[in-house]
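Student: Compact mmCIF, C-alpha atoms, saved as start_14.txt, coming up:
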```
# COMPACT_ATOMS: atom_id res chain seq x y z
CA MET P 1 -5.85 8.25 13.62
CA ALA P 2 -6.92 5.24 11.57
CA LYS P 3 -10.54 5.45 10.45
CA LEU P 4 -12.79 2.52 9.71
CA GLU P 5 -13.90 2.24 6.09
CA TYR P 6 -16.05 -0.85 6.55
CA PHE P 7 -16.58 -3.83 8.83
CA ILE P 8 -18.50 -6.94 7.96
CA VAL P 9 -18.85 -10.50 9.21
CA ALA P 10 -19.33 -13.40 6.84
CA GLU P 11 -18.68 -17.09 6.45
CA SER P 12 -15.58 -16.68 4.32
CA LEU P 13 -13.69 -14.40 1.98
CA SER P 14 -11.19 -14.53 -0.79
CA THR P 15 -8.49 -12.11 -1.90
CA ASP P 16 -7.41 -12.12 -5.52
CA ARG P 17 -3.63 -12.35 -5.47
CA GLU P 18 -3.33 -10.54 -8.80
CA THR P 19 -5.69 -7.64 -8.23
CA ASN P 20 -5.73 -7.56 -4.39
CA ARG P 21 -9.53 -7.35 -4.53
CA VAL P 22 -11.47 -8.91 -1.70
CA SER P 23 -14.68 -10.91 -2.14
CA VAL P 24 -16.84 -11.65 0.89
CA PHE P 25 -19.09 -14.71 0.81
CA ASN P 26 -22.32 -15.32 2.74
CA VAL P 27 -22.61 -12.30 4.96
CA LEU P 28 -23.98 -13.42 8.32
CA GLU P 29 -27.21 -11.56 9.09
CA GLU P 30 -29.67 -14.14 10.29
CA ILE P 31 -29.08 -17.77 11.11
CA THR P 32 -31.27 -20.59 12.34
CA ALA P 33 -29.67 -23.37 14.31
CA LYS P 34 -30.49 -26.03 16.80
CA LEU P 35 -28.87 -24.63 19.94
CA PRO P 36 -26.44 -25.03 21.53
CA THR P 37 -24.03 -25.20 18.64
CA HIS P 38 -21.01 -23.33 17.32
CA PHE P 39 -20.03 -21.38 14.22
CA PRO P 40 -17.98 -23.76 12.12
CA ARG P 41 -16.24 -20.76 10.59
CA LEU P 42 -16.65 -17.04 10.86
CA THR P 43 -14.68 -14.35 9.09
CA ALA P 44 -14.64 -10.67 9.94
CA VAL P 45 -13.06 -8.10 7.68
CA SER P 46 -12.33 -4.53 8.67
CA ALA P 47 -10.76 -1.99 6.33
CA TRP P 48 -8.96 1.01 7.73
CA ASN P 49 -7.90 4.31 6.19
CA MET P 50 -4.61 5.41 7.63
CA ALA P 51 -3.68 9.05 8.14
CA PRO P 52 -0.15 10.10 7.19
CA GLU P 53 0.79 10.31 10.89
CA ASP P 54 -0.37 6.69 11.37
CA ARG P 55 2.43 5.33 9.21
CA GLY P 56 4.76 3.18 11.24
CA GLN P 57 2.50 3.24 14.33
CA ASP P 58 1.33 0.07 16.06
CA PHE P 59 -2.39 -0.66 16.01
CA GLN P 60 -4.45 -3.40 17.56
CA VAL P 61 -7.74 -4.43 15.99
CA THR P 62 -9.93 -6.60 18.19
CA LEU P 63 -12.97 -8.62 17.19
CA ARG P 64 -15.25 -8.97 20.22
CA ILE P 65 -17.85 -11.73 20.17
CA PRO P 66 -20.41 -11.62 22.98
CA GLN P 67 -21.04 -14.75 25.03
CA PRO P 68 -23.97 -13.55 27.21
CA TRP P 69 -24.69 -17.01 28.54
CA LYS P 70 -21.39 -17.17 30.37
CA GLU P 71 -21.68 -17.09 34.13
CA THR P 72 -18.42 -15.20 34.70
CA GLU P 73 -16.98 -11.95 33.37
CA PRO P 74 -16.01 -11.05 30.78
CA LYS P 75 -18.99 -12.26 28.85
CA HIS P 76 -17.27 -12.05 25.50
CA LEU P 77 -14.34 -13.45 23.54
CA ASP P 78 -11.68 -11.07 22.22
CA PHE P 79 -9.50 -11.83 19.21
CA HIS P 80 -6.61 -9.44 18.69
CA VAL P 81 -4.66 -8.64 15.53
CA ASN P 82 -1.76 -6.22 15.67
CA PHE P 83 -0.35 -4.42 12.69
CA THR P 84 1.91 -1.63 11.58
CA THR P 85 1.60 -0.21 8.12
CA GLU P 86 3.20 2.21 5.75
CA ARG P 87 0.16 2.13 3.46
CA SER P 88 -2.80 4.44 3.25
CA ARG P 89 -5.23 1.52 3.55
CA HIS P 90 -5.06 -1.62 5.62
CA ARG P 91 -7.37 -4.61 5.86
CA VAL P 92 -7.61 -6.92 8.85
CA TYR P 93 -9.07 -10.42 8.54
CA HIS P 94 -10.17 -12.41 11.58
CA HIS P 95 -10.80 -16.08 10.75
CA ILE P 96 -12.34 -17.90 13.69
CA GLU P 97 -13.44 -21.51 13.97
CA GLY P 98 -15.63 -23.00 16.65
CA VAL P 99 -17.21 -19.97 18.34
CA PRO P 100 -19.84 -21.29 20.81
CA LEU P 101 -23.44 -20.29 20.19
CA LYS P 102 -25.74 -21.18 23.06
CA GLN P 103 -28.78 -18.95 22.88
CA GLY P 104 -30.92 -17.13 20.36
CA GLY P 105 -31.33 -13.40 19.88
CA ASP P 106 -29.14 -10.65 18.48
CA LEU P 107 -25.43 -11.32 18.65
CA LYS P 108 -23.63 -7.98 18.31
CA LEU P 109 -20.06 -8.48 17.18
CA GLN P 110 -17.85 -5.45 17.71
CA VAL P 111 -14.62 -4.28 16.17
CA LEU P 112 -12.31 -2.27 18.43
CA LEU P 113 -9.30 -0.18 17.56
CA ASN P 114 -6.73 0.01 20.35
CA GLY P 115 -9.43 -1.07 22.79
CA GLU P 116 -12.08 1.44 21.69
CA PRO P 117 -15.28 0.15 20.07
CA VAL P 118 -15.60 1.47 16.52
CA ALA P 119 -18.39 -0.47 14.82
CA SER P 120 -20.60 -3.50 15.20
CA HIS P 121 -22.28 -6.17 13.11
CA SER P 122 -25.40 -7.88 14.45
CA ILE P 123 -26.35 -11.46 13.68
CA THR P 124 -29.85 -12.58 14.59
CA VAL P 125 -29.81 -16.14 15.88
CA HIS P 126 -33.02 -18.17 15.78
CA ASP P 127 -33.26 -21.21 17.98
CA ARG P 128 -34.73 -23.92 15.83
CA GLU P 129 -37.51 -25.74 17.60
CA PRO P 130 -36.83 -29.34 18.55
CA ASP P 131 -37.80 -31.80 15.84
CA ARG P 132 -41.55 -32.16 15.86
CA GLN P 133 -43.53 -35.26 15.11
CA PRO P 134 -45.47 -34.99 11.86
CA GLU P 135 -48.85 -33.53 12.58
CA ALA P 136 -51.78 -35.92 12.57
CA ALA P 137 -53.95 -35.70 9.50
CA PRO P 138 -56.84 -33.36 10.18
CA TYR P 139 -59.19 -36.05 9.08
CA GLU P 140 -59.16 -39.73 8.39
CA VAL P 141 -60.21 -41.34 5.09
CA VAL P 142 -62.46 -44.41 5.49
CA MET F 1 19.31 -4.75 5.98
CA LYS F 2 15.92 -3.15 6.58
CA GLU F 3 17.06 -2.12 10.04
CA GLY F 4 20.28 -0.74 8.59
CA LEU F 5 18.32 1.32 6.10
CA ARG F 6 15.94 2.52 8.76
CA GLN F 7 18.79 3.62 11.00
CA GLU F 8 20.62 5.09 8.02
CA ALA F 9 23.64 2.86 8.66
CA ILE F 10 23.06 1.80 5.04
CA THR F 11 22.17 4.48 2.52
CA ASP F 12 20.61 4.25 -0.91
CA ASN F 13 23.92 5.32 -2.38
CA THR F 14 25.73 2.48 -0.59
CA LEU F 15 23.26 0.04 -2.07
CA ARG F 16 23.51 1.56 -5.52
CA ASN F 17 27.28 1.17 -5.49
CA PHE F 18 27.04 -2.33 -4.04
CA VAL F 19 24.60 -3.46 -6.74
CA SER F 20 26.79 -1.93 -9.44
CA SER F 21 29.76 -3.91 -8.14
CA LEU F 22 27.72 -7.13 -8.10
CA LEU F 23 26.54 -6.61 -11.66
CA GLN F 24 30.13 -6.64 -12.86
CA ASP F 25 29.95 -10.43 -12.38
CA LEU F 26 26.99 -10.77 -14.74
CA ARG F 27 28.00 -12.94 -17.75
CA ARG F 28 25.85 -13.89 -20.71
CA GLY F 29 24.81 -17.54 -20.55
CA GLU F 30 25.96 -17.99 -16.93
CA ARG F 31 23.84 -17.99 -13.83
CA PHE F 32 24.32 -14.65 -12.05
CA PRO F 33 26.18 -15.58 -8.83
CA HIS F 34 24.67 -12.80 -6.68
CA GLU F 35 20.97 -13.46 -7.25
CA LEU F 36 20.28 -14.05 -3.57
CA ALA F 37 21.90 -10.76 -2.57
CA VAL F 38 20.00 -8.80 -5.21
CA ALA F 39 16.73 -10.49 -4.24
CA ALA F 40 17.37 -9.61 -0.58
CA ILE F 41 17.92 -5.98 -1.53
CA ALA F 42 14.65 -6.01 -3.47
CA VAL F 43 12.79 -7.28 -0.40
CA ALA F 44 14.49 -4.73 1.85
CA LEU F 45 13.56 -1.89 -0.50
CA GLU F 46 9.95 -2.94 -1.01
CA GLY F 47 8.54 -0.65 1.67
CA ARG F 48 11.14 2.11 1.40
CA ALA F 49 9.81 5.43 0.17
CA THR F 50 12.77 6.70 -1.85
CA ASP F 51 13.43 7.34 -5.52
CA PHE F 52 16.19 4.74 -5.51
CA ALA F 53 13.85 2.04 -4.18
CA ASP F 54 11.36 2.93 -6.91
CA GLU F 55 14.01 2.92 -9.62
CA PHE F 56 15.64 -0.31 -8.42
CA LEU F 57 12.43 -2.34 -8.18
CA HIS F 58 10.91 -0.86 -11.32
CA ASP F 59 13.96 -1.47 -13.48
CA LEU F 60 14.82 -4.90 -12.09
CA SER F 61 11.27 -6.17 -12.40
CA ARG F 62 11.20 -5.26 -16.09
CA LEU F 63 14.37 -7.09 -17.07
CA GLU F 64 14.14 -10.20 -19.23
CA LEU F 65 17.33 -12.06 -18.36
CA ALA F 66 17.47 -15.81 -17.86
CA GLU F 67 20.78 -15.38 -16.03
CA MET F 68 19.09 -13.67 -13.11
CA SER F 69 15.49 -14.82 -13.43
CA ALA F 70 15.04 -15.63 -9.73
CA CYS F 71 15.84 -12.16 -8.40
CA ILE F 72 13.78 -10.62 -11.21
CA ARG F 73 10.78 -12.67 -10.07
CA VAL F 74 11.32 -11.53 -6.49
CA ALA F 75 11.56 -7.90 -7.65
CA ARG F 76 8.30 -8.27 -9.60
CA GLU F 77 6.51 -9.48 -6.48
CA CYS F 78 8.02 -6.65 -4.43
CA TRP F 79 7.06 -4.09 -7.07
CA LYS F 80 3.52 -5.43 -7.30
CA ASP F 81 3.14 -5.27 -3.54
CA ARG F 82 4.67 -1.79 -3.43
CA MET F 83 2.12 -0.56 -5.93
CA GLN F 84 -0.81 -1.94 -3.94
CA VAL F 85 -2.32 0.74 -1.76
CA THR F 86 -4.06 -1.74 0.51
CA HIS F 87 -2.14 -4.12 2.70
CA THR F 88 -3.75 -7.05 4.51
CA ARG F 89 -3.16 -8.61 7.90
CA SER F 90 -4.84 -11.97 8.44
CA LYS F 91 -5.01 -14.13 11.54
CA SER F 92 -6.77 -17.44 12.14
CA PHE F 93 -8.05 -18.66 15.50
CA ARG F 94 -9.49 -22.04 16.33
CA LEU F 95 -11.42 -22.65 19.52
CA ALA F 96 -10.94 -26.16 20.80
CA ALA F 97 -13.99 -28.36 21.24
CA GLY F 98 -15.64 -27.67 24.57
CA ASP F 99 -16.98 -24.49 26.09
CA GLY F 100 -14.50 -22.14 24.38
CA SER F 101 -14.33 -20.16 27.57
CA LEU F 102 -11.98 -17.27 28.07
CA SER F 103 -10.01 -19.20 30.64
CA SER F 104 -9.36 -21.76 27.98
CA LEU F 105 -8.35 -18.97 25.63
CA ALA F 106 -5.87 -17.62 28.14
CA GLY F 107 -4.15 -20.96 28.24
CA GLY F 108 -3.95 -21.25 24.51
CA SER F 109 -0.81 -21.79 22.53
CA ALA F 110 0.31 -20.86 19.07
CA ILE F 111 0.67 -23.84 16.77
CA SER F 112 2.05 -22.23 13.66
CA LEU F 113 3.03 -18.93 12.17
CA ARG F 114 3.27 -18.06 8.52
CA THR F 115 4.32 -14.74 7.11
CA ASP F 116 4.28 -14.00 3.42
CA VAL F 117 5.96 -11.16 1.62
CA GLY F 118 3.50 -8.30 1.34
CA GLN F 119 0.56 -10.03 2.94
CA SER F 120 0.81 -11.64 6.32
CA GLU F 121 -1.04 -14.45 7.94
CA GLN F 122 -0.92 -16.06 11.37
CA ARG F 123 -2.66 -19.13 12.67
CA PHE F 124 -3.38 -19.86 16.31
CA THR F 125 -5.25 -22.51 18.20
CA TYR F 126 -6.69 -21.81 21.62
CA GLY F 127 -8.29 -23.87 24.33
CA ALA F 128 -7.84 -27.26 25.85
CA ALA F 129 -6.50 -29.93 23.56
```
In structure tokens, write the structure found in this file.
Tutor:
Amino acid sequence: MAKLEYFIVAESLSTDRETNRVSVFNVLEEITAKLPTHFPRLTAVSAWNMAPEDRGQDFQVTLRIPQPWKETEPKHLDFHVNFTTERSRHRVYHHIEGVPLKQGGDLKLQVLLNGEPVASHSITVHDREPDRQPEAAPYEVV
Amino acid sequence: MKEGLRQEAITDNTLRNFVSSLLQDLRRGERFPHELAVAAIAVALEGRATDFADEFLHDLSRLELAEMSACIRVARECWKDRMQVTHTRSKSFRLAAGDGSLSSLAGGSAISLRTDVGQSEQRFTYGAA
């Protein structure tokens, strides 16, 4: 069975076409935003080691993003990518634009293989306080 | 062709003989008339784990012949991809403005699909327009 090598969520990534090396930019760990808002862009990369018996098999990798503020089930969004490979390693990129973000706290993104949770990546979301008026000077000069 | 190879309706030996017959039309200073066919064979053999596939892609990708430069370039790409251990599958999703709810997702539609040799990429847009 395919085994996860790593899973990480970031703003973007780049793959060198010559060397096939992947570079991940701005890993999402902690963000501060005026809520509600949305992620302009979010990229998840998962790398899988394939066993010899996995060659030619169909796999589905799902990125699950919780949406706990939703009033109806399921309280998450699922993004599926299917693949079949003959290689010993396989990467899956999820590029997602416009994911809603409506409350602060820990947002635990999960990666699932064929419907089974395998790993997670937590992003702490801070709700920025509403713009405050500048504080009055503690004293007045006369 | 890939399906034929997979089902063994086409064998490596058939391809070897076919390529040999095509190469009889190779003339110095003239564009090789079967470049498309040879390039298609290169693509079909890219993921095939046989000695012939190795030999064909390796040898073709190392040729320096202006007469068949296009299929040589294709073979180089196929060889490079064959040598890469890691393959990548990439898919883009865009949630339409609004609540991005799952019901909106269910009603989504694909707007474009792009598949490259070796690496693959898909783009989808979901949600209300």
Student: Please tell me which residues are no farther than 12 Å from (-17.6, -22.9, 14.9) in the file, counting all atoms listed in the file, and write them as an mmCIF file with C-alpha atoms, keeping the file's coordinate frame.
Tutor:
```cif
data_model
loop_
_atom_site.group_PDB
_atom_site.id
_atom_site.type_symbol
_atom_site.label_atom_id
_atom_site.label_comp_id
_atom_site.auth_asym_id
_atom_site.auth_seq_id
_atom_site.Cartn_x
_atom_site.Cartn_y
_atom_site.Cartn_z
ATOM 1 C CA GLU P 11 -18.680 -17.090 6.450
ATOM 2 C CA PRO P 36 -26.440 -25.030 21.530
ATOM 3 C CA THR P 37 -24.030 -25.200 18.640
ATOM 4 C CA HIS P 38 -21.010 -23.330 17.320
ATOM 5 C CA PHE P 39 -20.030 -21.380 14.220
ATOM 6 C CA PRO P 40 -17.980 -23.760 12.120
ATOM 7 C CA ARG P 41 -16.240 -20.760 10.590
ATOM 8 C CA LEU P 42 -16.650 -17.040 10.860
ATOM 9 C CA THR P 43 -14.680 -14.350 9.090
ATOM 10 C CA HIS P 95 -10.800 -16.080 10.750
ATOM 11 C CA ILE P 96 -12.340 -17.900 13.690
ATOM 12 C CA GLU P 97 -13.440 -21.510 13.970
ATOM 13 C CA GLY P 98 -15.630 -23.000 16.650
ATOM 14 C CA VAL P 99 -17.210 -19.970 18.340
ATOM 15 C CA PRO P 100 -19.840 -21.290 20.810
ATOM 16 C CA LEU P 101 -23.440 -20.290 20.190
ATOM 17 C CA LYS P 102 -25.740 -21.180 23.060
ATOM 18 C CA PHE F 93 -8.050 -18.660 15.500
ATOM 19 C CA ARG F 94 -9.490 -22.040 16.330
ATOM 20 C CA LEU F 95 -11.420 -22.650 19.520
ATOM 21 C CA ALA F 96 -10.940 -26.160 20.800
ATOM 22 C CA ALA F 97 -13.990 -28.360 21.240
ATOM 23 C CA GLY F 98 -15.640 -27.670 24.570
ATOM 24 C CA ASP F 99 -16.980 -24.490 26.090
ATOM 25 C CA GLY F 100 -14.500 -22.140 24.380
#
```
Student: For Leu28 (chain P), which residue among P:Leu109, P:Val118, P:Met1, P:Leu63 is the nearest when counting all atoms listed in the file?
Tutor: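 Among P:Leu109, P:Val118, P:Met1, P:Leu63, it is P:Leu109 that comes nearest to Leu28 (chain P).
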Student: In Å, rounded to a single decimal, give me how far CA of Ser21 (chain F) is from CA of Lys80 (chain F).
Tutor: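 Pair CA of Lys80 (chain F) / CA of Ser21 (chain F) returns 26.3 Å.
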Student: What is the distance between CA of Val81 (chain P) and CA of Glu5 (chain P), in Å to one decimal?
Tutor: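 For CA of Val81 (chain P) relative to CA of Glu5 (chain P), the distance reads 17.1 Å.
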Student: Please produce, as a Markdown table, a per-residue contact table for chain F versus chain P (criterion: any atom at most 6 Å away, all atoms listed in the file considered), showing the nearest atom pair and its distance in Å to one decimal, sorted by chain then residue number.
Tutor:
```
| residue | atom | partner | partner_atom | distance |
| --- | --- | --- | --- | --- |
| F:Val85 | CA | P:Arg87 | CA | 5.9 |
| F:Thr86 | CA | P:Arg89 | CA | 4.6 |
| F:His87 | CA | P:His90 | CA | 4.8 |
| F:Thr88 | CA | P:Arg91 | CA | 4.6 |
| F:Arg89 | CA | P:Val92 | CA | 4.9 |
| F:Ser90 | CA | P:Tyr93 | CA | 4.5 |
| F:Lys91 | CA | P:His94 | CA | 5.4 |
| F:Ser92 | CA | P:His95 | CA | 4.5 |
| F:Phe93 | CA | P:Ile96 | CA | 4.7 |
| F:Arg94 | CA | P:Glu97 | CA | 4.6 |
| F:Leu95 | CA | P:Gly98 | CA | 5.1 |
```
Student: How far is it from CA of Asp25 (chain F) to CA of Val38 (chain F), in Å with one decimal?
Tutor: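 If I compute the distance from CA of Asp25 (chain F) to CA of Val38 (chain F), I get 12.4 Å.
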Student: Which residues are close to His121 (chain P), i.e. within 7 Å by only C-alpha atoms, leaving aside same-chain residues fewer than 6 positions away? Reply as a list in words.
Tutor: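 Close residues of His121 (chain P): Ile8, Val9, Lys108, Leu109 and Gln110 of chain P.
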Student: Would you please work out which residue, of P:Asp54, P:Asp106, P:Leu112, P:Asn26, is nearest to Leu13 (chain P) when using only C-alpha atoms?
Tutor: P:Asn26
